[in-house]
Amino acid sequence: MKKVVLFFAAAVLFAQSLNWYSDYKKAFKAAKEQNRLVLVDISKTDCPPCEFMKNVVMDEKGEVNTILKNRFVLVKYVVPKNDIPEKFKKHYFDFTPAILIYDKNGRFLKAVYGATSYENFLKDLKSVLKGK
């Protein structure tokens with residue numbers, strides 16, 4: 001019985017999912033407090049490219065997931081369920097997924113539109129972190 005409990009405890013520790021905000025104002029406040037960047041993921045339900053980005057590229061293991069957990073505050077909007085705040089409409093063109101990256105002060109840094117490979121998304125994240 002102890003082995004089963006330890007197994008599940010280890011699984012929870014190593015398979016923690018990403019924490020997503022639904023309120024961008026709270027997310028930017030947290031980003032300032034934690035000195036992190038903000039990544040906004042705008043997706044649609046029944047969107048295969050959105051599911052690919054969520055389940056394959058930003059999966060529960062790997063360097064992308066580690067970077068997202070440790071260096072970003074994450075915000076998720078699902079359209080049409082959620083209204084897209086005015087702040088993001090300048091860089092959102094009704095094309096999903098739309099991944100928008102901002103600094104902690106709200107300055108736009110980069111956008112990734114549509115599905116991309118794990119390697120390309122990792123390269124995009126690293127370039128933003130380096131300030132390029």
# chains A, B, ... in the order shown; residues from 1 in each chain; ligands from 1
>>> residues_around(residues="A:Met58", least_positions_apart="3", cutoff="10 Å", atoms="only C-alpha atoms", output="list in words")
Ser17, Leu18, Glu51, Phe52, Met53, Lys54, Asn55, Lys61, Gly62, Glu63, Val64, Asn65, Thr66, Ile67, Leu68, Tyr118, Phe121 and Leu122 of chain A
>>> write_last_selection(atoms="N, CA and C atoms", output="compact mmCIF listing (two decimals), in the first residue's frame")
# COMPACT_ATOMS: atom_id res chain seq x y z
N SER A 17 0.39 20.05 -13.98
CA SER A 17 0.02 20.73 -15.21
C SER A 17 0.33 22.22 -15.09
N LEU A 18 0.26 22.88 -16.21
CA LEU A 18 0.50 24.32 -16.23
C LEU A 18 -0.65 25.04 -15.55
N GLU A 51 -5.23 21.96 -30.10
CA GLU A 51 -5.00 20.74 -29.31
C GLU A 51 -3.56 20.26 -29.47
N PHE A 52 -3.01 20.36 -30.67
CA PHE A 52 -1.61 19.97 -30.89
C PHE A 52 -0.68 20.81 -30.03
N MET A 53 -0.90 22.12 -30.03
CA MET A 53 -0.04 22.99 -29.22
C MET A 53 -0.17 22.67 -27.73
N LYS A 54 -1.40 22.43 -27.29
CA LYS A 54 -1.64 22.15 -25.88
C LYS A 54 -1.07 20.79 -25.47
N ASN A 55 -1.34 19.74 -26.24
CA ASN A 55 -1.02 18.38 -25.83
C ASN A 55 0.34 17.87 -26.28
N LYS A 61 5.80 17.41 -19.97
CA LYS A 61 7.22 17.11 -19.73
C LYS A 61 8.05 17.80 -20.81
N GLY A 62 9.31 17.95 -20.54
CA GLY A 62 10.17 18.55 -21.53
C GLY A 62 10.55 19.98 -21.22
N GLU A 63 11.47 20.49 -22.01
CA GLU A 63 12.03 21.82 -21.78
C GLU A 63 11.02 22.95 -21.98
N VAL A 64 10.14 22.81 -22.96
CA VAL A 64 9.12 23.85 -23.17
C VAL A 64 8.27 24.00 -21.91
N ASN A 65 7.80 22.89 -21.39
CA ASN A 65 6.96 22.91 -20.20
C ASN A 65 7.71 23.51 -19.01
N THR A 66 8.96 23.16 -18.85
CA THR A 66 9.78 23.70 -17.75
C THR A 66 9.94 25.21 -17.89
N ILE A 67 10.21 25.67 -19.09
CA ILE A 67 10.35 27.11 -19.32
C ILE A 67 9.03 27.83 -19.03
N LEU A 68 7.93 27.27 -19.50
CA LEU A 68 6.63 27.90 -19.26
C LEU A 68 6.34 27.99 -17.76
N TYR A 118 7.53 21.46 -31.84
CA TYR A 118 8.11 21.59 -30.51
C TYR A 118 9.43 22.36 -30.59
N PHE A 121 8.90 26.10 -31.38
CA PHE A 121 8.33 26.83 -30.25
C PHE A 121 9.38 27.01 -29.16
N LEU A 122 10.19 25.99 -28.92
CA LEU A 122 11.28 26.10 -27.94
C LEU A 122 12.25 27.20 -28.37
>>> closest_atom_pairs(of="stretch 54-119 of chain A", to="stretch 39-45 of chain A", cutoff="8 Å", atoms="only C-alpha atoms", output="JSON lines")
{"residue": "A:Phe72", "atom": "CA", "partner": "A:Leu39", "partner_atom": "CA", "distance": 6.4}
{"residue": "A:Val73", "atom": "CA", "partner": "A:Leu39", "partner_atom": "CA", "distance": 6.3}
{"residue": "A:Leu74", "atom": "CA", "partner": "A:Leu39", "partner_atom": "CA", "distance": 5.0}
{"residue": "A:Val75", "atom": "CA", "partner": "A:Val40", "partner_atom": "CA", "distance": 4.6}
{"residue": "A:Lys76", "atom": "CA", "partner": "A:Asp41", "partner_atom": "CA", "distance": 4.8}
{"residue": "A:Tyr77", "atom": "CA", "partner": "A:Ile42", "partner_atom": "CA", "distance": 4.8}
{"residue": "A:Val78", "atom": "CA", "partner": "A:Ser43", "partner_atom": "CA", "distance": 4.9}
{"residue": "A:Val79", "atom": "CA", "partner": "A:Lys44", "partner_atom": "CA", "distance": 5.1}
{"residue": "A:Pro80", "atom": "CA", "partner": "A:Lys44", "partner_atom": "CA", "distance": 7.1}
{"residue": "A:Thr96", "atom": "CA", "partner": "A:Ser43", "partner_atom": "CA", "distance": 5.3}
{"residue": "A:Pro97", "atom": "CA", "partner": "A:Ser43", "partner_atom": "CA", "distance": 4.7}
{"residue": "A:Ala98", "atom": "CA", "partner": "A:Ile42", "partner_atom": "CA", "distance": 5.1}
{"residue": "A:Ile99", "atom": "CA", "partner": "A:Asp41", "partner_atom": "CA", "distance": 4.6}
{"residue": "A:Leu100", "atom": "CA", "partner": "A:Val40", "partner_atom": "CA", "distance": 5.0}
{"residue": "A:Ile101", "atom": "CA", "partner": "A:Leu39", "partner_atom": "CA", "distance": 4.6}
{"residue": "A:Tyr102", "atom": "CA", "partner": "A:Leu39", "partner_atom": "CA", "distance": 6.5}
>>> closest_residue(among="A:Phe95, A:Pro85, A:Asp59, A:Lys110", to="A:Leu125", atoms="only C-alpha atoms")
A:Lys110
>>> select_by_dssp(residues="stretch 37-116 of chain A", states="alpha helix (DSSP H)", output="list in words")
Pro48, Pro49, Cys50, Glu51, Phe52, Glu63, Val64, Asn65, Thr66, Ile67, Leu68, Lys69, Asn70, Arg71, Glu86, Lys87, Phe88 and Lys89 of chain A
>>> write_last_selection(atoms="C-alpha atoms", output="CSV table (one decimal), in the first residue's frame")
chain,number,residue,atom,x,y,z
A,48,PRO,CA,-6.8,20.5,-34.0
A,49,PRO,CA,-3.9,22.9,-34.2
A,50,CYS,CA,-4.9,24.3,-30.7
A,51,GLU,CA,-5.0,20.7,-29.3
A,52,PHE,CA,-1.6,20.0,-30.9
A,63,GLU,CA,12.0,21.8,-21.8
A,64,VAL,CA,9.1,23.8,-23.2
A,65,ASN,CA,7.0,22.9,-20.2
A,66,THR,CA,9.8,23.7,-17.8
A,67,ILE,CA,10.3,27.1,-19.3
A,68,LEU,CA,6.6,27.9,-19.3
A,69,LYS,CA,6.4,26.9,-15.6
A,70,ASN,CA,9.5,28.8,-14.5
A,71,ARG,CA,9.7,31.9,-16.6
A,86,GLU,CA,-9.2,44.9,-26.0
A,87,LYS,CA,-5.5,44.7,-24.9
A,88,PHE,CA,-4.9,41.6,-27.1
A,89,LYS,CA,-7.1,42.5,-30.1
>>> select_by_dssp(residues="chain A", states="strand (DSSP E)", output="list in words")
Trp20, Tyr21, Leu37, Val38, Leu39, Val40, Asp41, Ile42, Ser43, Lys44, Phe72, Val73, Leu74, Val75, Lys76, Tyr77, Val78, Val79, Ala98, Ile99, Leu100, Ile101, Tyr102, Phe108, Leu109, Lys110, Ala111, Val112 and Tyr113 of chain A
>>> atom_distance(atom1="atom CA of A:Cys47", atom2="atom CA of A:Asn120")
20.0 Å
>>> atom_distance(atom1="atom CA of A:Lys25", atom2="atom CA of A:Ala115")
26.4 Å
>>> atom_distance(atom1="atom CA of A:Asp124", atom2="atom CA of A:Tyr92")
17.9 Å
>>> closest_residue(among="A:Ser22, A:Leu109, A:Glu33, A:Phe28", to="A:Ser127", atoms="only C-alpha atoms")
A:Leu109
